[in-house]
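Asks: Here it is: the structure, laid out below.
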Amino acid sequence: MQRRKLKIEELNRISVEEFREAEKIPLAVVLDNVRSRHNIGSVFRTGDAFRIEELLLCGITGTPPDAEIHKTALGAEDSVKWRYFGESLPALEALKEEGYTVFSIEQAENSISLDTIELDKGKKYAVIFGHEVHGVAQEVIDASDGCIEIPQYGTKHSLNVSVTAGIVIWDFFQQLRG
């Protein structure tokens with residue numbers, strides 16, 4: 001069995017223009033005061049890989065153009081639609097007005113385990129990821145329709161923002177893709 005690594009030209013990726021026109025999964029991603037530009041870039045790249053609708057950058061979360069974001073986004077900041085909000089609550093209000101069901105990704109009372117959630121392909125969803133140390137702000141959790149947490153079985157109580165986003169976006173992609 002041959003396992004030759006494929007060359008970039010063999011991957012048949014679509015162009016930025018084709019990406020913009022391509023069907024997306026009904027998922028918006030919100031970054032609530034995420035401080036690391038590398039985490040932001042990584043979420044852009046994951047959002048591109050799984051064709052999210054858009055990325056909402058809130059509060060202290062950096063925005064393109066930014067060299068540190070680009071370093072991990074590798075151009076995904078050009079393909080993924082994004083908006084900036086000075087605060088997260090107006091972003092949530094806008095998403096709800098647009099018909100999104102909004103979930104904070106946080107360890108909280110009455111949270112839903114990611115491995116048990118069942119999504120409806122006919123609905124639009126938004127997921128919120130928070131600050132690397134403080135998580136999603138309590139006022140943002142309070143304004144959300146619910147909380148989802150990733151079950152963990154080790155000694156640590158959290159995952160990196162970009163890792164968490166990758167896990168959650170992949171799970172939503174598997175359930176929502178057409």
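By convention here, the chains of the structure tokens are called A, B, ... in the order presented, each chain's residues are numbered starting at 1, and ligands are numbered starting at 1 in the order presented.
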Please provide the set of residues having any atom within 9 Å of Ser111 of chain A, restricted to only C-alpha atoms, with same-chain residues fewer than 5 positions apart removed, written as a list in words.

Replies: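 Surrounding residues, per the criterion: Ile105, Glu106, Gly146, Cys147, Ile148 and Glu149 of chain A.
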
Asks: Please tabulate, as a tab-separated table, the residues of segment 64-136 of chain A that come within 12 Å of segment 160-165 of chain A, each with its closest pair of atoms and the distance in Å to one decimal, counting only C-alpha atoms and ordering rows by chain, then residue number upward.

Replies:
```
residue	atom	partner	partner_atom	distance
A:Thr72	CA	A:Ser162	CA	10.7
A:Ala73	CA	A:Ser162	CA	11.4
A:Ser104	CA	A:Ala165	CA	11.4
A:Ile105	CA	A:Thr164	CA	8.5
A:Glu106	CA	A:Thr164	CA	10.0
A:Leu114	CA	A:Thr164	CA	10.9
A:Ala126	CA	A:Ala165	CA	11.9
A:Val127	CA	A:Ala165	CA	8.9
A:Ile128	CA	A:Ala165	CA	9.0
A:Phe129	CA	A:Val161	CA	6.8
A:Gly130	CA	A:Val161	CA	7.4
A:His131	CA	A:Val161	CA	7.9
A:Glu132	CA	A:Val161	CA	6.4
A:Val133	CA	A:Asn160	CA	9.6
A:His134	CA	A:Val161	CA	11.3
A:Gly135	CA	A:Val161	CA	9.0
A:Val136	CA	A:Val161	CA	10.7
```

Asks: Deliver the residues from the most recent selection as a file, using N, CA and C atoms, as a PDB file, in the first residue's frame.

Replies:
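Result file part-v8.pdb:
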```pdb
ATOM      1  N   THR A  72      -1.098  31.846  11.703  1.00  0.00           N
ATOM      2  CA  THR A  72      -1.780  30.561  11.874  1.00  0.00           C
ATOM      3  C   THR A  72      -2.990  30.416  10.954  1.00  0.00           C
ATOM      4  N   ALA A  73      -3.597  31.513  10.550  1.00  0.00           N
ATOM      5  CA  ALA A  73      -4.753  31.438   9.648  1.00  0.00           C
ATOM      6  C   ALA A  73      -4.330  31.062   8.237  1.00  0.00           C
ATOM      7  N   SER A 104     -23.000  28.826  24.570  1.00  0.00           N
ATOM      8  CA  SER A 104     -21.665  29.109  25.101  1.00  0.00           C
ATOM      9  C   SER A 104     -20.971  27.765  25.297  1.00  0.00           C
ATOM     10  N   ILE A 105     -19.697  27.716  24.962  1.00  0.00           N
ATOM     11  CA  ILE A 105     -18.915  26.502  25.192  1.00  0.00           C
ATOM     12  C   ILE A 105     -18.191  26.726  26.509  1.00  0.00           C
ATOM     13  N   GLU A 106     -18.760  26.126  27.550  1.00  0.00           N
ATOM     14  CA  GLU A 106     -18.269  26.418  28.901  1.00  0.00           C
ATOM     15  C   GLU A 106     -18.711  25.323  29.861  1.00  0.00           C
ATOM     16  N   LEU A 114     -21.134  17.636  24.927  1.00  0.00           N
ATOM     17  CA  LEU A 114     -21.009  17.662  23.474  1.00  0.00           C
ATOM     18  C   LEU A 114     -21.314  16.301  22.857  1.00  0.00           C
ATOM     19  N   ALA A 126     -24.993  29.078  16.742  1.00  0.00           N
ATOM     20  CA  ALA A 126     -23.795  29.858  17.024  1.00  0.00           C
ATOM     21  C   ALA A 126     -23.159  29.278  18.280  1.00  0.00           C
ATOM     22  N   VAL A 127     -21.838  29.228  18.287  1.00  0.00           N
ATOM     23  CA  VAL A 127     -21.095  28.753  19.459  1.00  0.00           C
ATOM     24  C   VAL A 127     -20.108  29.836  19.874  1.00  0.00           C
ATOM     25  N   ILE A 128     -19.987  30.008  21.182  1.00  0.00           N
ATOM     26  CA  ILE A 128     -19.148  31.072  21.740  1.00  0.00           C
ATOM     27  C   ILE A 128     -17.993  30.461  22.511  1.00  0.00           C
ATOM     28  N   PHE A 129     -16.787  30.916  22.189  1.00  0.00           N
ATOM     29  CA  PHE A 129     -15.584  30.487  22.893  1.00  0.00           C
ATOM     30  C   PHE A 129     -15.026  31.695  23.624  1.00  0.00           C
ATOM     31  N   GLY A 130     -14.537  31.494  24.845  1.00  0.00           N
ATOM     32  CA  GLY A 130     -14.134  32.616  25.682  1.00  0.00           C
ATOM     33  C   GLY A 130     -12.648  32.783  25.884  1.00  0.00           C
ATOM     34  N   HIS A 131     -12.347  33.757  26.687  1.00  0.00           N
ATOM     35  CA  HIS A 131     -10.999  34.155  27.084  1.00  0.00           C
ATOM     36  C   HIS A 131     -10.210  32.944  27.580  1.00  0.00           C
ATOM     37  N   GLU A 132      -8.928  32.913  27.287  1.00  0.00           N
ATOM     38  CA  GLU A 132      -8.082  31.768  27.622  1.00  0.00           C
ATOM     39  C   GLU A 132      -8.004  31.466  29.119  1.00  0.00           C
ATOM     40  N   VAL A 133      -8.137  32.450  29.960  1.00  0.00           N
ATOM     41  CA  VAL A 133      -8.064  32.223  31.412  1.00  0.00           C
ATOM     42  C   VAL A 133      -9.452  32.251  32.048  1.00  0.00           C
ATOM     43  N   HIS A 134     -10.263  33.220  31.683  1.00  0.00           N
ATOM     44  CA  HIS A 134     -11.545  33.444  32.351  1.00  0.00           C
ATOM     45  C   HIS A 134     -12.734  32.767  31.670  1.00  0.00           C
ATOM     46  N   GLY A 135     -12.538  32.251  30.475  1.00  0.00           N
ATOM     47  CA  GLY A 135     -13.623  31.587  29.760  1.00  0.00           C
ATOM     48  C   GLY A 135     -14.641  32.573  29.217  1.00  0.00           C
ATOM     49  N   VAL A 136     -15.824  32.056  28.925  1.00  0.00           N
ATOM     50  CA  VAL A 136     -16.917  32.891  28.422  1.00  0.00           C
ATOM     51  C   VAL A 136     -17.446  33.716  29.591  1.00  0.00           C
TER      52      VAL A 136
END
```

Asks: If I take atom CA of Pro151 of chain A and atom CA of Ala137 of chain A, how far is one from the other in Å, to one decimal?

Replies: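 Going from atom CA of Pro151 of chain A over to atom CA of Ala137 of chain A, I get 20.3 Å.
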
Asks: Using only C-alpha atoms, which residues sit within 8 Å of Val43 of chain A once same-chain residues fewer than 2 positions away are excluded, as a ChimeraX atom specification?

Replies: /A:39-41,45-47,73,162,165-166

Asks: Interatomic distance between atom CA of Ser144 of chain A and atom CA of Asp115 of chain A?

Replies: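 The value is 19.4 Å.
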
Asks: Could you state the separation of atom CA of Tyr100 of chain A and atom CA of Tyr125 of chain A in Å, given to one decimal place?

Replies: 4.9 Å
